[in-house]
$ cat data08.csv   # CSV, C-alpha atoms and all ligand atoms
chain,number,residue,atom,x,y,z
A,295,MET,CA,-12.3,32.3,7.1
A,296,GLY,CA,-15.6,30.9,8.4
A,297,GLU,CA,-16.7,30.5,12.0
A,298,LYS,CA,-15.1,27.1,12.0
A,299,ASN,CA,-12.3,26.0,9.7
A,300,ILE,CA,-11.1,22.6,8.7
A,301,THR,CA,-8.0,21.6,6.8
A,302,LEU,CA,-8.9,18.9,4.3
A,303,VAL,CA,-5.9,16.7,3.4
A,304,ILE,CA,-6.5,14.9,0.1
A,305,THR,CA,-4.2,11.9,-0.5
A,306,GLY,CA,-3.5,9.5,-3.3
A,307,SER,CA,-6.7,7.5,-3.6
A,308,ILE,CA,-9.0,7.4,-6.6
A,309,ALA,CA,-11.8,8.6,-4.2
A,310,ALA,CA,-10.1,12.0,-4.3
A,311,VAL,CA,-12.6,12.7,-7.1
A,312,LYS,CA,-15.2,12.9,-4.4
A,313,SER,CA,-13.4,15.8,-2.6
A,314,TYR,CA,-15.3,18.4,-4.6
A,315,ASP,CA,-18.5,17.1,-3.1
A,316,LEU,CA,-17.1,16.9,0.4
A,317,ILE,CA,-15.8,20.5,0.1
A,318,GLN,CA,-19.3,21.7,-0.9
A,319,GLN,CA,-21.0,19.7,1.9
A,320,LEU,CA,-18.7,21.3,4.5
A,321,GLN,CA,-19.1,24.8,3.1
A,322,ALA,CA,-22.9,24.3,3.1
A,323,LYS,CA,-22.6,23.8,6.9
A,324,GLY,CA,-20.7,27.1,7.2
A,325,ILE,CA,-17.3,25.4,7.6
A,326,GLY,CA,-14.4,27.0,5.9
A,327,VAL,CA,-12.2,24.5,4.0
A,328,SER,CA,-8.4,24.8,3.3
A,329,VAL,CA,-6.9,22.1,1.2
A,330,VAL,CA,-3.6,20.2,1.4
A,331,LEU,CA,-2.9,18.1,-1.7
A,332,THR,CA,-0.3,15.3,-1.7
A,333,ASP,CA,1.7,14.6,-4.8
A,334,SER,CA,-0.3,11.4,-5.5
A,335,ALA,CA,-3.6,13.1,-5.0
A,336,GLN,CA,-2.7,15.4,-8.0
A,337,GLN,CA,-3.4,12.4,-10.3
A,338,TRP,CA,-7.0,13.4,-9.8
A,339,ILE,CA,-7.2,16.9,-8.4
A,340,THR,CA,-5.1,19.8,-9.4
A,341,PRO,CA,-4.2,22.7,-7.0
A,342,ASP,CA,-6.0,25.1,-9.4
A,343,ALA,CA,-9.2,23.0,-9.3
A,344,ALA,CA,-9.1,23.0,-5.5
A,345,LYS,CA,-8.6,26.8,-5.5
A,346,VAL,CA,-11.7,27.3,-7.7
A,347,LEU,CA,-13.8,25.7,-4.9
A,348,THR,CA,-12.2,27.1,-1.8
A,349,ALA,CA,-11.7,30.8,-1.1
A,350,LEU,CA,-9.0,29.5,1.4
A,351,PRO,CA,-5.4,28.4,0.9
A,352,VAL,CA,-4.4,25.3,-1.1
A,353,ILE,CA,-1.0,23.8,-0.2
A,354,THR,CA,0.8,21.0,-2.1
A,355,SER,CA,3.3,18.5,-0.7
A,356,SER,CA,6.1,20.1,-2.7
A,357,GLU,CA,5.3,23.5,-1.2
A,358,ILE,CA,5.3,21.8,2.3
A,359,ARG,CA,8.8,20.4,1.5
A,360,ALA,CA,10.1,23.8,0.5
A,361,GLN,CA,8.3,25.9,3.2
A,362,PRO,CA,7.1,23.7,6.1
A,363,ASP,CA,6.1,26.8,8.2
A,364,GLN,CA,3.4,27.6,5.7
A,365,LEU,CA,1.6,24.3,6.7
A,366,LYS,CA,2.2,24.9,10.4
A,367,GLN,CA,0.5,28.3,10.2
A,368,LEU,CA,-2.4,26.9,8.3
A,369,LEU,CA,-2.9,24.1,10.8
A,370,ALA,CA,-2.7,26.6,13.7
A,371,LYS,CA,-5.6,28.5,12.2
A,372,SER,CA,-7.7,25.3,11.7
A,373,ASP,CA,-10.1,23.9,14.2
A,374,ALA,CA,-9.7,20.3,13.0
A,375,ILE,CA,-7.8,18.3,10.3
A,376,VAL,CA,-9.4,15.6,8.2
A,377,ALA,CA,-7.6,13.4,5.7
A,378,ALA,CA,-10.2,12.4,3.1
A,379,PRO,CA,-9.7,10.2,1.3
A,380,ALA,CA,-6.8,8.8,3.4
A,381,SER,CA,-4.7,6.3,1.5
A,382,ALA,CA,-3.1,3.3,3.2
A,383,ASP,CA,0.3,5.0,2.8
A,384,PHE,CA,-0.9,8.2,4.4
A,385,ILE,CA,-2.3,6.3,7.4
A,386,LYS,CA,1.2,4.7,7.7
A,387,GLN,CA,2.8,8.1,7.5
A,388,LEU,CA,0.7,9.3,10.4
A,389,VAL,CA,1.6,6.3,12.5
A,390,TYR,CA,5.4,6.4,11.8
A,391,ASN,CA,5.5,10.3,11.7
A,392,ASP,CA,7.7,10.0,8.6
A,393,SER,CA,6.7,12.9,6.3
A,394,GLU,CA,6.6,16.7,6.9
A,395,LEU,CA,2.9,16.6,6.5
A,396,ALA,CA,2.4,13.8,9.1
A,397,LYS,CA,4.8,15.5,11.5
A,398,ALA,CA,2.9,18.8,11.3
A,399,ILE,CA,-0.5,17.1,11.8
A,400,ASN,CA,0.8,15.0,14.7
A,401,ASN,CA,2.3,18.1,16.4
A,402,CYS,CA,-0.6,20.5,15.9
A,403,GLN,CA,-2.7,19.4,18.8
A,404,LYS,CA,-6.0,19.7,16.9
A,405,PRO,CA,-8.7,17.0,16.5
A,406,VAL,CA,-7.8,14.8,13.6
A,407,ALA,CA,-10.0,12.5,11.5
A,408,VAL,CA,-9.2,10.2,8.6
A,409,ALA,CA,-11.6,8.7,6.1
A,410,PRO,CA,-9.8,5.7,4.5
A,411,ALA,CA,-10.4,4.7,0.9
A,412,MET,CA,-8.7,1.7,-0.6
A,413,ASN,CA,-9.0,-1.7,-2.1
A,414,VAL,CA,-10.5,-4.2,0.4
A,415,MET,CA,-7.3,-6.3,0.5
A,416,MET,CA,-5.2,-3.2,1.3
A,417,TRP,CA,-7.6,-2.4,4.1
A,418,GLN,CA,-7.6,-5.9,5.4
A,419,HIS,CA,-3.9,-6.3,5.2
A,420,PRO,CA,-2.5,-6.9,8.7
A,421,ALA,CA,-0.1,-3.9,8.4
A,422,THR,CA,-3.0,-1.5,7.5
A,423,GLN,CA,-5.2,-2.9,10.3
A,424,ARG,CA,-2.3,-2.5,12.8
A,425,ASN,CA,-1.8,1.1,11.7
A,426,SER,CA,-5.4,2.0,11.8
A,427,LYS,CA,-5.8,0.5,15.3
A,428,LYS,CA,-2.7,2.5,16.4
A,429,LEU,CA,-4.3,5.7,15.1
A,430,LEU,CA,-7.5,5.0,17.0
A,431,SER,CA,-5.5,4.4,20.2
A,432,GLN,CA,-3.8,7.8,19.6
A,433,GLY,CA,-7.2,9.5,19.6
A,434,VAL,CA,-7.5,9.9,15.8
A,435,GLN,CA,-11.1,9.5,14.6
A,436,ILE,CA,-11.7,7.1,11.7
A,437,LEU,CA,-14.6,7.5,9.3
A,438,GLY,CA,-15.2,4.2,7.5
A,439,PRO,CA,-14.2,2.6,5.2
A,440,VAL,CA,-17.7,1.3,4.4
A,441,LEU,CA,-18.9,-1.9,2.8
A,442,GLY,CA,-19.4,-1.6,-1.0
A,443,LYS,CA,-18.0,-1.6,-4.4
A,444,MET,CA,-14.6,0.0,-5.1
A,445,ALA,CA,-13.2,1.6,-8.2
A,446,CYS,CA,-11.2,-1.5,-9.0
A,447,GLY,CA,-14.4,-3.5,-9.2
A,448,ASP,CA,-13.8,-5.4,-5.9
A,449,GLU,CA,-16.4,-5.4,-3.1
A,450,GLY,CA,-15.9,-5.3,0.6
A,451,TYR,CA,-14.8,-2.8,3.3
A,452,GLY,CA,-12.6,-0.2,1.7
A,453,ARG,CA,-15.1,2.1,0.1
A,454,PHE,CA,-14.8,5.8,0.9
A,455,MET,CA,-17.6,7.0,3.2
A,456,GLU,CA,-20.1,9.2,1.3
A,457,PRO,CA,-19.3,12.9,1.7
A,458,SER,CA,-22.9,13.4,2.9
A,459,ASP,CA,-22.1,11.1,5.8
A,460,ILE,CA,-18.6,12.5,6.5
A,461,ALA,CA,-19.7,16.2,6.7
A,462,PRO,CA,-22.2,15.8,9.6
A,463,ALA,CA,-19.6,13.7,11.5
A,464,LEU,CA,-17.0,16.4,11.0
A,465,GLU,CA,-19.5,19.0,12.2
A,466,SER,CA,-19.8,17.0,15.4
A,467,LEU,CA,-16.1,16.8,15.7
A,468,LEU,CA,-15.8,20.6,15.4
A,469,ALA,CA,-18.5,20.9,18.1
A,470,GLY,CA,-16.5,18.5,20.4
A,471,LYS,CA,-19.4,16.0,20.2
A,472,SER,CA,-19.4,12.2,19.3
A,473,HIS,CA,-21.1,10.9,16.2
A,474,PRO,CA,-22.2,7.3,15.3
A,475,ALA,CA,-20.2,7.5,12.0
A,476,PHE,CA,-17.0,7.3,14.1
A,477,GLU,CA,-18.1,3.9,15.4
A,478,LEU,CA,-18.4,2.2,12.0
A,479,VAL,CA,-14.7,1.5,11.6
A,480,ASN,CA,-14.9,-1.2,14.3
A,481,LYS,CA,-17.1,-3.3,12.0
A,482,SER,CA,-14.6,-3.1,9.2
A,483,PHE,CA,-11.7,-4.8,11.0
A,484,SER,CA,-11.1,-8.4,10.0
A,485,PRO,CA,-11.2,-10.8,13.0
A,486,LYS,CA,-7.8,-12.3,12.3
A,487,PRO,CA,-5.9,-10.5,9.6
A,488,ALA,CA,-3.1,-12.5,7.9
A,489,LEU,CA,-2.0,-13.2,4.4
A,490,PRO,CA,-3.2,-16.5,2.9
A,491,ALA,CA,-1.1,-19.7,3.2
A,492,ILE,CA,0.2,-21.4,0.0
A,493,ASP,CA,-2.7,-23.1,-1.7
A,494,VAL,CA,-2.5,-26.9,-1.6
A,495,SER,CA,-3.9,-27.3,-5.0
A,496,LEU,CA,-0.9,-25.4,-6.4
A,497,ALA,CA,1.4,-28.5,-6.4
A,498,ALA,CA,-0.9,-30.3,-8.9
A,499,LYS,CA,-1.3,-27.3,-11.1
A,500,LYS,CA,0.5,-27.6,-14.5
A,501,SER,CA,0.9,-23.9,-15.1
A,502,LYS,CA,1.3,-21.8,-12.0
A,503,LYS,CA,1.0,-18.1,-12.4
A,504,LEU,CA,3.8,-16.4,-10.5
A,505,LEU,CA,4.2,-12.7,-10.0
A,506,LEU,CA,7.9,-11.9,-9.6
A,507,MET,CA,8.5,-8.7,-7.7
A,508,ILE,CA,12.1,-7.5,-8.0
A,509,GLN,CA,13.7,-5.0,-5.7
A,510,GLY,CA,17.2,-3.5,-6.2
A,511,GLY,CA,20.7,-4.6,-5.4
A,512,LYS,CA,23.3,-7.1,-6.8
A,513,ASP,CA,21.0,-10.1,-6.2
A,514,ALA,CA,18.6,-8.7,-8.8
A,515,LEU,CA,21.2,-9.8,-11.4
A,516,ALA,CA,20.1,-13.4,-10.9
A,517,THR,CA,16.6,-12.5,-12.3
A,518,TYR,CA,17.1,-13.6,-15.9
A,519,ALA,CA,18.4,-17.0,-14.8
A,520,LEU,CA,15.6,-17.2,-12.2
A,521,ILE,CA,12.9,-16.6,-14.8
A,522,SER,CA,14.3,-19.3,-17.0
A,523,SER,CA,14.6,-21.7,-14.1
A,524,LEU,CA,11.0,-21.0,-13.0
A,525,ARG,CA,9.7,-21.3,-16.5
A,526,SER,CA,11.4,-24.7,-16.9
A,527,ARG,CA,9.5,-25.8,-13.8
A,528,GLY,CA,6.1,-24.8,-15.3
A,529,TYR,CA,5.7,-21.3,-13.8
A,530,GLN,CA,4.3,-18.6,-16.0
A,531,VAL,CA,6.2,-15.5,-14.7
A,532,THR,CA,5.1,-11.9,-14.8
A,533,CYS,CA,7.7,-9.4,-13.6
A,534,ALA,CA,7.3,-6.2,-11.8
A,535,THR,CA,10.4,-4.1,-10.8
A,536,GLY,CA,10.8,-1.5,-8.1
A,537,ASP,CA,12.6,1.8,-9.0
A,538,GLU,CA,16.1,0.5,-8.1
A,539,ALA,CA,15.6,-2.8,-10.0
A,540,THR,CA,14.2,-0.9,-13.0
A,541,LYS,CA,17.7,0.7,-13.4
A,542,LEU,CA,19.2,-2.8,-13.6
A,543,LEU,CA,16.5,-4.7,-15.5
A,544,PRO,CA,14.8,-3.0,-18.4
A,545,ALA,CA,11.1,-4.0,-19.0
A,546,GLU,CA,11.9,-5.1,-22.5
A,547,GLY,CA,14.6,-7.6,-21.3
A,548,LEU,CA,12.3,-9.0,-18.7
A,549,ALA,CA,9.5,-9.4,-21.2
A,550,THR,CA,11.6,-11.2,-23.7
A,551,ILE,CA,12.9,-13.7,-21.2
A,552,SER,CA,9.5,-14.2,-19.4
A,553,GLY,CA,7.3,-14.1,-22.4
A,554,CYS,CA,5.0,-11.8,-20.5
A,555,THR,CA,4.6,-8.0,-20.2
A,556,ALA,CA,6.9,-6.6,-17.5
A,557,TYR,CA,5.8,-3.8,-15.3
A,558,ASN,CA,7.3,-0.9,-13.4
A,559,ARG,CA,6.2,2.5,-12.1
A,560,HIS,CA,6.6,3.9,-15.6
A,561,TYR,CA,5.1,1.1,-17.6
A,562,GLN,CA,1.5,0.1,-17.0
A,563,ASP,CA,-1.0,-1.1,-19.6
A,564,ASP,CA,-4.2,-0.6,-17.6
A,565,VAL,CA,-5.7,2.8,-18.4
A,566,GLN,CA,-6.9,3.1,-14.8
A,567,GLY,CA,-3.3,2.4,-13.5
A,568,MET,CA,-4.6,-0.4,-11.3
A,569,GLU,CA,-1.7,-2.8,-11.8
A,570,HIS,CA,-0.9,-2.7,-8.1
A,571,ILE,CA,-4.3,-4.5,-7.6
A,572,ARG,CA,-4.6,-6.4,-10.9
A,573,LEU,CA,-1.1,-8.1,-10.9
A,574,PRO,CA,-1.3,-9.9,-7.6
A,575,GLU,CA,-5.0,-10.8,-8.2
A,576,GLN,CA,-4.1,-12.6,-11.5
A,577,SER,CA,-1.3,-14.7,-10.0
A,578,ASP,CA,-1.4,-17.9,-7.9
A,579,ILE,CA,1.7,-16.9,-5.9
A,580,VAL,CA,3.8,-13.8,-5.4
A,581,LEU,CA,7.6,-14.1,-5.2
A,582,ILE,CA,9.6,-11.1,-3.9
A,583,THR,CA,13.3,-11.5,-4.7
A,584,PRO,CA,15.6,-9.8,-3.9
A,585,ALA,CA,13.8,-8.2,-1.0
A,586,THR,CA,15.8,-5.2,0.2
A,587,CYS,CA,16.1,-3.4,3.5
A,588,ASP,CA,13.9,-0.5,2.4
A,589,GLY,CA,11.4,-2.7,0.7
A,590,VAL,CA,10.9,-5.0,3.7
A,591,LYS,CA,10.7,-2.0,6.0
A,592,GLU,CA,7.9,-0.6,3.8
A,593,MET,CA,6.1,-3.9,3.8
A,594,ALA,CA,6.4,-4.3,7.6
A,595,GLU,CA,5.1,-0.7,8.2
A,596,GLY,CA,2.3,-1.0,5.7
A,597,GLY,CA,3.7,1.7,3.4
A,598,ALA,CA,2.7,2.0,-0.3
A,599,GLN,CA,4.8,4.8,-1.7
A,600,SER,CA,6.5,2.3,-4.1
A,601,PHE,CA,4.8,0.4,-6.8
A,602,LEU,CA,5.8,-2.9,-5.2
A,603,GLY,CA,4.8,-1.8,-1.7
A,604,CYS,CA,1.4,-1.0,-3.1
A,605,ALA,CA,1.1,-4.4,-4.9
A,606,TYR,CA,2.2,-6.2,-1.7
A,607,LEU,CA,-0.5,-4.4,0.4
A,608,ALA,CA,-3.1,-5.4,-2.2
A,609,THR,CA,-2.3,-9.0,-2.5
A,610,LYS,CA,-4.6,-11.8,-1.5
A,611,LYS,CA,-2.2,-14.4,-2.7
A,612,PRO,CA,0.5,-16.3,-0.8
A,613,VAL,CA,3.8,-14.4,-0.7
A,614,VAL,CA,7.2,-15.9,-0.6
A,615,LEU,CA,10.2,-13.6,0.0
A,616,VAL,CA,13.9,-14.1,-0.4
A,617,PRO,CA,15.9,-11.5,1.6
A,618,SER,CA,18.7,-9.7,-0.2
A,619,THR,CA,22.2,-11.0,0.6
A,620,ASP,CA,23.7,-7.8,-0.7
A,621,ILE,CA,25.5,-6.4,2.4
A,622,GLU,CA,24.0,-2.9,2.0
A,623,LYS,CA,20.5,-4.0,1.1
A,624,GLN,CA,20.0,-6.8,3.7
A,625,PRO,CA,16.6,-6.4,5.4
A,626,ASN,CA,16.4,-5.6,9.1
A,627,ALA,CA,15.7,-8.7,11.2
A,628,ALA,CA,12.9,-7.1,13.2
A,629,ASP,CA,11.1,-6.1,9.9
A,630,LEU,CA,11.5,-9.6,8.5
A,631,GLU,CA,10.1,-11.1,11.7
A,632,ARG,CA,7.1,-8.8,11.5
A,633,ILE,CA,6.2,-9.7,7.9
A,634,ARG,CA,6.7,-13.4,8.8
A,635,GLN,CA,4.1,-13.0,11.5
A,636,ASP,CA,1.9,-11.3,8.9
A,637,GLY,CA,2.0,-14.5,6.9
A,638,VAL,CA,4.9,-14.0,4.5
A,639,ASN,CA,7.0,-17.2,3.8
A,640,ILE,CA,10.7,-16.3,4.1
A,641,LEU,CA,13.0,-18.3,2.0
A,642,THR,CA,16.7,-18.1,2.4
A,643,VAL,CA,19.4,-19.3,0.0
A,644,PRO,CA,23.1,-20.0,0.7
A,645,LYS,CA,24.9,-16.7,0.9
A,646,GLN,CA,28.0,-18.0,-0.8
A,647,LEU,CA,26.3,-18.4,-4.2
A,648,HIS,CA,27.2,-15.6,-6.6
A,649,PRO,CA,24.4,-13.0,-6.8
A,650,ALA,CA,24.1,-13.3,-10.6
A,651,SER,CA,24.7,-17.1,-10.8
A,652,LYS,CA,22.4,-19.8,-12.2
A,653,GLU,CA,23.1,-21.8,-9.0
A,654,ARG,CA,21.5,-19.0,-7.0
A,655,ALA,CA,18.5,-18.8,-9.3
A,656,ASP,CA,18.0,-22.6,-9.2
A,657,ALA,CA,18.3,-22.6,-5.4
A,658,ILE,CA,15.4,-20.0,-5.3
A,659,ALA,CA,13.3,-22.0,-7.8
A,660,ASP,CA,13.9,-25.2,-5.8
A,661,GLY,CA,13.0,-23.4,-2.6
A,662,ILE,CA,9.6,-22.4,-4.0
A,663,ASP,CA,8.8,-25.9,-5.2
A,664,GLU,CA,9.9,-27.3,-1.8
A,665,LEU,CA,7.7,-24.8,0.0
A,666,ILE,CA,4.7,-25.7,-2.0
A,667,LYS,CA,5.4,-29.4,-1.4
A,668,GLN,CA,5.9,-28.9,2.3
A,669,GLN,CA,2.7,-27.0,2.7
A,670,THR,CA,0.8,-29.8,1.0
A,671,LEU,CA,2.5,-32.4,3.2
A,672,GLU,CA,1.7,-30.4,6.4
A,673,ARG,CA,-1.9,-30.1,5.4
A,674,LYS,CA,-2.1,-33.9,4.8
A,675,ILE,CA,-0.5,-34.6,8.2
A,676,HIS,CA,-2.9,-32.2,9.9
A,677,GLY,CA,-5.8,-33.6,7.9
A,678,ASN,CA,-7.0,-30.3,6.3
B,1,LIG,C1,-4.8,4.5,-10.1
B,1,LIG,C2,-4.4,4.4,-8.7
B,1,LIG,C3,-5.4,4.4,-7.7
B,1,LIG,C4,-5.0,4.3,-6.4
B,1,LIG,N1,-6.0,4.2,-5.4
B,1,LIG,C5,-5.6,4.1,-4.1
B,1,LIG,C6,-6.6,4.0,-3.1
B,1,LIG,O1,-7.8,4.1,-3.4
B,1,LIG,N2,-6.2,3.9,-1.9
B,1,LIG,C7,-4.9,3.8,-1.5
B,1,LIG,O2,-4.6,3.7,-0.3
B,1,LIG,N3,-3.9,3.9,-2.4
B,1,LIG,C8,-4.3,4.0,-3.7
B,1,LIG,N4,-3.3,4.1,-4.7
B,1,LIG,C9,-1.9,4.1,-4.2
B,1,LIG,C10,-1.4,5.5,-3.7
B,1,LIG,O3,-1.7,6.5,-4.6
B,1,LIG,C11,0.1,5.4,-3.3
B,1,LIG,O4,0.2,4.5,-2.2
B,1,LIG,C12,0.6,6.8,-3.0
B,1,LIG,O5,2.0,6.6,-2.7
B,1,LIG,C13,-0.1,7.4,-1.8
B,1,LIG,O6,0.6,8.6,-1.5
B,1,LIG,P1,0.0,9.7,-0.5
B,1,LIG,O7,-0.6,9.0,0.7
B,1,LIG,O8,1.2,10.5,0.0
B,1,LIG,O9,-0.9,10.5,-1.2
B,1,LIG,C14,-3.6,4.2,-6.0
B,1,LIG,C15,-2.7,4.3,-7.0
B,1,LIG,C16,-3.0,4.4,-8.3
B,1,LIG,C17,-2.0,4.5,-9.4

$ encode --input "data08.csv" --output "structure tokens"
Amino acid sequence: MGEKNITLVITGSIAAVKSYDLIQQLQAKGIGVSVVLTDSAQQWITPDAAKVLTALPVITSSEIRAQPDQLKQLLAKSDAIVAAPASADFIKQLVYNDSELAKAINNCQKPVAVAPAMNVMMWQHPATQRNSKKLLSQGVQILGPVLGKMACGDEGYGRFMEPSDIAPALESLLAGKSHPAFELVNKSFSPKPALPAIDVSLAAKKSKKLLLMIQGGKDALATYALISSLRSRGYQVTCATGDEATKLLPAEGLATISGCTAYNRHYQDDVQGMEHIRLPEQSDIVLITPATCDGVKEMAEGGAQSFLGCAYLATKKPVVLVPSTDIEKQPNAADLERIRQDGVNILTVPKQLHPASKERADAIADGIDELIKQQTLERKIHGN
């Protein structure tokens, strides 16, 4: 080990490819670097590759799950911990203390820094901003994100701070000193984060592009009928299923009924795997139905472990959500209220309608049309 040692946690962002550079920059300053790799980070960096660069331990998430003490010992020997790149989901894990890795970091009583890297919409999402501000209030230092172009092609705050800027800031952290790079995060916060309202011009649009995000439970069985109902009203429907819904609704079936490719965690047609950004971007409106207890909790907390959670964080389009009526999958009222305050339109349909019925599907499609009309009316009344 060097004079000072840092544990570098690499999480599931495409900016993980810059970790090699960061490790070298830290080593050049005489800082020893141990690495923790989350499962998602291994899309870009393998444990063997990290071992080639560091003469120190490399621990993966699966090793942490099997032997949590190994991580605790590593953190005890480290002088500071930095998550770089830190994904939106990892920031959420730290705030909610809901993974072995996050628990060990939160308990280790060492200085902690995170360097976020994500799409600008994910960073500006009210849930991510809430989580980042919470970390700041807990004494976690945040490095970036900085303004610039991201891997998905978007521009804005979300870009990973350059390793050559991160390394000196970490050197200061290890010396117990402040550094101007730790102030930059305040510039990147949106003044008033909220999801966009339904666009008034939507009502007049002949073909509206709708992204249908489907979570699990009995209500998902109304999906085929819902797609038909939406299509008959002029919506072009692209489907994306969460893991539970994928067990009930095969992508082939959804594609046949919708006439568009259907997506899930296992089926993506973008070589970069950027569907979680691209799908909401290409739609006029996002409809989430059924929305389950776990799904709404993830949305309220700003988590992105699931494919749909990720797409929700990345959306800059209006979101309408129909809570599940399935008794075991019904969302928690506090979580629903939180996402409503974040700008999600909550649409409820009569509970007595059979989950798989055409009536239920029509009620949802009517509800969407009604919401769009209402918004247009409200804007006219308020003169904007
Ligand atoms: C191609 C691809 C690129 C991604 N890039 C990012 C990113 O830059 N930032 C981010 O927060 N999430 C990104 N994600 C999503 C995360 O990998 C996902 O939320 C994951 O569950 C994070 O897990 P972890 O924080 O435990 O590593 C990306 C996903 C894919 C498939």

$ closest_residue --input "data08.csv" --among "A:Gln435, A:Ser552, A:Ser484, A:Ser307" --to "Lys471 (chain A)" --atoms "all atoms listed in the file"
A:Gln435

$ atom_distance --input "data08.csv" --atom1 "CA of Ser355 (chain A)" --atom2 "CA of Leu437 (chain A)"
23.3 Å

$ residues_around --input "data08.csv" --residues "region 533-548 of chain A" --least-positions-apart "5" --cutoff "9 Å" --atoms "all atoms listed in the file" --output "JSON, numbers by chain"
{"A": [504, 505, 506, 507, 508, 509, 510, 511, 514, 515, 517, 518, 521, 553, 554, 555, 556, 557, 558, 559, 561, 573, 589, 600, 601, 602, 603]}

$ atom_distance --input "data08.csv" --atom1 "CA of Arg453 (chain A)" --atom2 "CA of Ala409 (chain A)"
9.6 Å

$ closest_atom_pairs --input "data08.csv" --of "chain A" --to "ligand LIG 1 (chain B)" --cutoff "7 Å" --atoms "only C-alpha atoms and all ligand atoms" --output "Markdown table"
| residue | atom | partner | partner_atom | distance |
| --- | --- | --- | --- | --- |
| A:Thr305 | CA | B:LIG1 | O9 | 3.7 |
| A:Gly306 | CA | B:LIG1 | O9 | 3.5 |
| A:Ser307 | CA | B:LIG1 | C6 | 3.5 |
| A:Ile308 | CA | B:LIG1 | N1 | 4.5 |
| A:Ala309 | CA | B:LIG1 | O1 | 6.1 |
| A:Thr332 | CA | B:LIG1 | O9 | 4.9 |
| A:Asp333 | CA | B:LIG1 | O9 | 6.0 |
| A:Ser334 | CA | B:LIG1 | O9 | 4.4 |
| A:Ala335 | CA | B:LIG1 | O9 | 5.3 |
| A:Ala380 | CA | B:LIG1 | O2 | 6.7 |
| A:Ser381 | CA | B:LIG1 | O2 | 3.2 |
| A:Ala382 | CA | B:LIG1 | O2 | 3.8 |
| A:Asp383 | CA | B:LIG1 | O7 | 4.6 |
| A:Phe384 | CA | B:LIG1 | O7 | 3.8 |
| A:Ala411 | CA | B:LIG1 | O1 | 5.1 |
| A:Met412 | CA | B:LIG1 | N2 | 3.6 |
| A:Asn413 | CA | B:LIG1 | O1 | 6.1 |
| A:Gln566 | CA | B:LIG1 | C1 | 5.3 |
| A:Gly567 | CA | B:LIG1 | C1 | 4.3 |
| A:Met568 | CA | B:LIG1 | C1 | 5.0 |
| A:Ala598 | CA | B:LIG1 | O4 | 4.0 |
| A:Gln599 | CA | B:LIG1 | O5 | 3.5 |
| A:Ser600 | CA | B:LIG1 | O5 | 6.4 |
| A:Cys604 | CA | B:LIG1 | O4 | 5.7 |

$ residues_around --input "data08.csv" --residues "region 666-668 of chain A" --least-positions-apart "3" --cutoff "12 Å" --atoms "all atoms listed in the file" --output "list in words"
Ala491, Ile492, Asp493, Val494, Ser495, Leu496, Ala497, Ala498, Lys499, Lys502, Asp578, Ile579, Pro612, Val613, Val614, Asn639, Leu641, Ala659, Asp660, Gly661, Ile662, Asp663, Leu671, Glu672, Arg673, Lys674 and Ile675 of chain A

$ residues_near_point --input "data08.csv" --point "(14.8, -19.0, -12.7)" --cutoff "10 Å" --atoms "all atoms listed in the file" --output "ChimeraX atom specification"
/A:516-527,529,531,552,652-660
